[in-house]
>>> print(open('data_23.cif').read())   # mmCIF, C-alpha atoms
data_start
loop_
_atom_site.label_atom_id
_atom_site.label_comp_id
_atom_site.auth_asym_id
_atom_site.auth_seq_id
_atom_site.Cartn_x
_atom_site.Cartn_y
_atom_site.Cartn_z
CA MET G 1 71.75 77.12 61.75
CA ASN G 2 72.05 78.83 58.38
CA VAL G 3 74.55 81.53 57.50
CA HIS G 4 72.03 84.36 57.90
CA GLU G 5 71.17 83.20 61.41
CA ALA G 6 74.87 83.00 62.28
CA ILE G 7 75.42 86.53 60.98
CA LYS G 8 72.53 87.83 63.09
CA GLU G 9 73.70 85.95 66.20
CA ARG G 10 77.39 86.93 66.03
CA ARG G 11 78.54 89.27 68.81
CA SER G 12 81.87 90.58 70.05
CA VAL G 13 82.38 88.53 73.22
CA ARG G 14 84.61 89.89 75.96
CA ALA G 15 83.68 87.52 78.80
CA TYR G 16 84.31 83.79 78.54
CA GLN G 17 83.44 80.71 80.57
CA ASP G 18 86.33 78.80 82.07
CA LYS G 19 85.66 75.90 79.73
CA PRO G 20 88.02 74.52 77.09
CA VAL G 21 87.05 74.34 73.44
CA PRO G 22 86.99 70.66 72.43
CA GLU G 23 89.63 69.70 69.86
CA LYS G 24 87.00 68.45 67.40
CA VAL G 25 85.12 71.78 67.56
CA LEU G 26 88.31 73.82 67.21
CA THR G 27 89.38 71.76 64.19
CA LYS G 28 86.00 72.31 62.54
CA ILE G 29 86.30 76.07 63.05
CA LEU G 30 89.88 76.14 61.73
CA GLU G 31 88.73 74.13 58.71
CA ALA G 32 86.30 76.96 57.93
CA ALA G 33 89.30 79.31 57.84
CA ARG G 34 91.25 76.98 55.58
CA LEU G 35 88.43 77.01 53.03
CA ALA G 36 88.34 80.82 52.79
CA PRO G 37 89.24 82.49 49.51
CA SER G 38 92.49 84.46 49.28
CA ALA G 39 94.32 86.64 46.77
CA ARG G 40 95.49 84.44 43.90
CA ASN G 41 94.41 81.48 46.09
CA ARG G 42 97.86 81.55 47.74
CA GLN G 43 96.67 81.34 51.34
CA ALA G 44 99.62 83.55 52.29
CA TRP G 45 98.74 83.54 55.97
CA LYS G 46 99.24 81.43 59.08
CA LEU G 47 97.20 81.07 62.24
CA VAL G 48 98.89 80.71 65.61
CA VAL G 49 96.39 79.04 67.94
CA VAL G 50 97.19 79.72 71.59
CA ARG G 51 95.60 77.58 74.30
CA GLU G 52 98.39 77.59 76.90
CA ALA G 53 97.36 79.83 79.83
CA GLN G 54 100.87 81.25 80.39
CA ILE G 55 101.17 82.36 76.78
CA ARG G 56 97.66 83.84 76.80
CA LYS G 57 98.64 85.76 79.93
CA LYS G 58 101.63 87.24 78.07
CA LEU G 59 99.31 88.21 75.23
CA VAL G 60 97.21 90.28 77.66
CA GLU G 61 100.05 92.77 78.05
CA ALA G 62 100.80 92.66 74.31
CA ALA G 63 97.10 93.34 73.66
CA ASN G 64 97.03 96.63 75.53
CA ASN G 65 96.18 94.92 78.87
CA GLN G 66 92.78 93.67 77.72
CA GLN G 67 92.16 91.07 80.44
CA PHE G 68 89.61 89.02 78.51
CA VAL G 69 92.39 88.04 76.09
CA GLY G 70 93.90 85.94 78.86
CA GLU G 71 90.53 84.63 80.02
CA ALA G 72 89.44 83.25 76.63
CA PRO G 73 90.40 79.57 76.32
CA VAL G 74 91.75 80.19 72.81
CA VAL G 75 93.48 83.16 71.21
CA ILE G 76 94.22 83.08 67.50
CA ALA G 77 96.89 85.29 65.96
CA ALA G 78 96.27 85.77 62.24
CA VAL G 79 99.58 86.41 60.51
CA GLY G 80 100.01 87.83 57.02
CA LEU G 81 103.05 86.46 55.22
CA THR G 82 103.21 89.03 52.42
CA PRO G 83 102.95 92.49 54.03
CA ASN G 84 104.30 94.22 50.92
CA ASP G 85 102.01 92.48 48.42
CA ILE G 86 99.57 94.94 46.89
CA MET G 87 96.62 94.01 44.69
CA ARG G 88 96.03 95.73 41.35
CA CYS G 89 93.44 97.90 43.13
CA ASP G 90 96.20 99.37 45.35
CA ILE G 91 95.06 97.55 48.51
CA PRO G 92 97.36 95.22 50.51
CA THR G 93 96.44 91.53 50.27
CA ASP G 94 97.21 90.46 53.84
CA PRO G 95 94.51 92.46 55.68
CA VAL G 96 91.88 91.46 53.14
CA ASP G 97 92.78 87.77 53.19
CA VAL G 98 92.96 87.68 56.98
CA ALA G 99 89.63 89.48 57.35
CA ILE G 100 87.99 86.81 55.21
CA ILE G 101 89.43 83.92 57.21
CA LEU G 102 88.55 85.53 60.53
CA ASP G 103 85.01 86.15 59.36
CA HIS G 104 84.74 82.47 58.44
CA ILE G 105 85.99 81.67 61.97
CA THR G 106 83.45 83.98 63.63
CA LEU G 107 80.52 82.44 61.76
CA ALA G 108 81.69 78.85 62.29
CA ALA G 109 82.14 79.67 65.98
CA VAL G 110 78.56 80.95 66.29
CA GLU G 111 77.28 77.72 64.77
CA GLU G 112 79.21 75.80 67.47
CA GLY G 113 77.84 77.96 70.30
CA LEU G 114 81.10 79.86 70.72
CA GLY G 115 81.90 83.55 70.74
CA THR G 116 84.77 85.57 69.32
CA CYS G 117 86.20 89.05 69.44
CA TRP G 118 88.35 90.76 66.82
CA ILE G 119 91.29 92.52 68.48
CA GLY G 120 93.20 95.24 66.69
CA SER G 121 94.49 96.95 69.82
CA PHE G 122 97.83 95.22 70.30
CA PHE G 123 101.53 95.91 70.01
CA GLN G 124 102.89 94.23 66.88
CA ASP G 125 106.42 93.69 68.21
CA LYS G 126 105.23 92.31 71.56
CA VAL G 127 102.85 89.81 69.96
CA ARG G 128 105.56 88.71 67.53
CA GLU G 129 107.98 88.23 70.41
CA VAL G 130 105.53 86.24 72.56
CA LEU G 131 104.58 83.94 69.67
CA GLY G 132 107.96 83.70 67.92
CA ILE G 133 106.71 85.30 64.71
CA PRO G 134 109.45 86.56 62.36
CA SER G 135 109.65 90.33 61.92
CA SER G 136 109.19 89.95 58.16
CA TYR G 137 105.53 88.98 58.80
CA LYS G 138 102.67 91.06 60.24
CA VAL G 139 100.14 90.03 62.84
CA VAL G 140 97.01 91.44 61.23
CA GLU G 141 94.56 90.63 64.02
CA LEU G 142 94.16 88.68 67.22
CA MET G 143 90.91 86.87 67.91
CA THR G 144 89.61 85.39 71.13
CA LEU G 145 87.47 82.25 70.99
CA GLY G 146 85.46 80.46 73.64
CA TYR G 147 82.11 79.87 75.27
CA PRO G 148 80.49 83.21 76.14
CA ALA G 149 79.97 83.98 79.83
CA ASP G 150 77.30 86.55 79.00
CA SER G 151 75.01 87.51 76.15
CA PRO G 152 76.11 90.80 74.61
CA ARG G 153 73.26 92.79 73.10
CA PRO G 154 73.23 93.36 69.35
CA LYS G 155 74.74 96.63 68.20
CA SER G 156 72.61 98.99 66.16
CA ARG G 157 73.36 99.07 62.46
CA LYS G 158 72.60 101.73 59.88
CA PRO G 159 69.72 101.01 57.50
CA LEU G 160 70.60 99.84 53.99
CA ASN G 161 69.52 103.14 52.42
CA GLU G 162 72.32 104.91 54.32
CA ILE G 163 75.11 102.55 53.26
CA VAL G 164 74.17 101.13 49.85
CA PHE G 165 74.20 102.96 46.53
CA TYR G 166 73.14 101.49 43.22
CA GLU G 167 75.01 102.20 40.01
CA LYS G 168 76.89 105.30 41.33
CA PHE G 169 78.30 106.58 44.62
CA ILE G 170 76.20 109.49 45.89
#
>>> encode(input="data_23.cif", output="structure tokens")
Amino acid sequence: MNVHEAIKERRSVRAYQDKPVPEKVLTKILEAARLAPSARNRQAWKLVVVREAQIRKKLVEAANNQQFVGEAPVVIAAVGLTPNDIMRCDIPTDPVDVAIILDHITLAAVEEGLGTCWIGSFFQDKVREVLGIPSSYKVVELMTLGYPADSPRPKSRKPLNEIVFYEKFI
């Protein structure tokens, strides 16, 4: 599968098979995250990989009672270590860096026949408490990972001429 095929195949999966992700496959996907670019190449982030059912169950409540969070065999918490670091362009580094690594994870997962879902609906303090994350760091996103139990349909996307400008914003 090439990267364009993976991009076209990627879906937000909210129903997972009760099937563990093999260690070798998980490591390959996490390696894709490790290779992602980051601000000043600092890799100022950590991933908390949760496979334990009891911890995933606690994350359901922390993730606004989204049941599929507990049903996915893997939940990844992407943690930014520098929440006050701002790039020259006046944008925080953590959300940008984490978005890049999670996108690498989503595409690597598709190649392995797995599905993912980005989760921004969660309670920061509850997730930190469940996972033992210090309050000086921010959980930027949660992501579920596993074998899809269904085949979500592709979402419609705007045509390029509605979202791309050349030379000037109009």
>>> closest_residue(input="data_23.cif", among="G:Ser121, G:Ser156, G:Thr82, G:Thr27", to="G:Ala39", atoms="only C-alpha atoms")
G:Thr82
>>> closest_residue(input="data_23.cif", among="G:Asn2, G:Asn41, G:Asn161, G:Asn65", to="G:Glu111", atoms="all atoms listed in the file")
G:Asn2
>>> closest_residue(input="data_23.cif", among="G:Cys89, G:Ala109, G:Val79, G:Leu102", to="G:Ser135", atoms="only C-alpha atoms")
G:Val79
>>> residues_around(input="data_23.cif", residues="G:Gly80", least_positions_apart="3", cutoff="12 Å", atoms="all atoms listed in the file", output="PyMOL selection string")
chain G and resi 38-39+42-48+77+83-85+92-99+101+128+133-142
>>> resolve_selection(input="data_23.cif", expression="the PyMOL selection byres ((chain G and resi 155) around 12)", output="list of chain:residue names")
G:Lys8, G:Glu9, G:Arg10, G:Arg11, G:Ser12, G:Pro152, G:Arg153, G:Pro154, G:Ser156, G:Arg157, G:Lys158
>>> closest_residue(input="data_23.cif", among="G:Ile29, G:Val127, G:Ala78, G:Ile55", to="G:Ile105", atoms="only C-alpha atoms")
G:Ile29
>>> atom_distance(input="data_23.cif", atom1="atom CA of G:Arg14", atom2="atom CA of G:Lys28")
22.2 Å
>>> closest_residue(input="data_23.cif", among="G:Gly120, G:Pro159, G:Pro37, G:Pro148", to="G:Ala63", atoms="all atoms listed in the file")
G:Gly120
>>> closest_residue(input="data_23.cif", among="G:Gln124, G:Lys168, G:Asp103, G:Phe68", to="G:Val13", atoms="all atoms listed in the file")
G:Phe68
>>> residues_around(input="data_23.cif", residues="G:Leu26", least_positions_apart="2", cutoff="12 Å", atoms="all atoms listed in the file", output="list in words")
Pro20, Val21, Pro22, Glu23, Lys24, Lys28, Ile29, Leu30, Glu31, Ala32, Ala33, Val49, Val50, Arg51, Pro73, Val74, Val75, Ile76, Ile105, Thr106, Ala108, Ala109, Glu111, Glu112, Gly113, Leu114, Leu145, Gly146 and Tyr147 of chain G
>>> axis_aligned_box(input="data_23.cif", around="stretch 94-107 of chain G", padding_each_side="5 Å", output="JSON")
{"center_x": 88.9, "center_y": 87.1, "center_z": 58.4, "size_x": 26.7, "size_y": 20.8, "size_z": 20.5}
>>> atom_distance(input="data_23.cif", atom1="atom CA of G:Leu59", atom2="atom CA of G:Gln17")
18.3 Å
>>> resolve_selection(input="data_23.cif", expression="the PyMOL selection byres ((chain G and resi 70) around 7)", output="PyMOL selection string")
chain G and resi 56-57+59-60+67-69+71-72
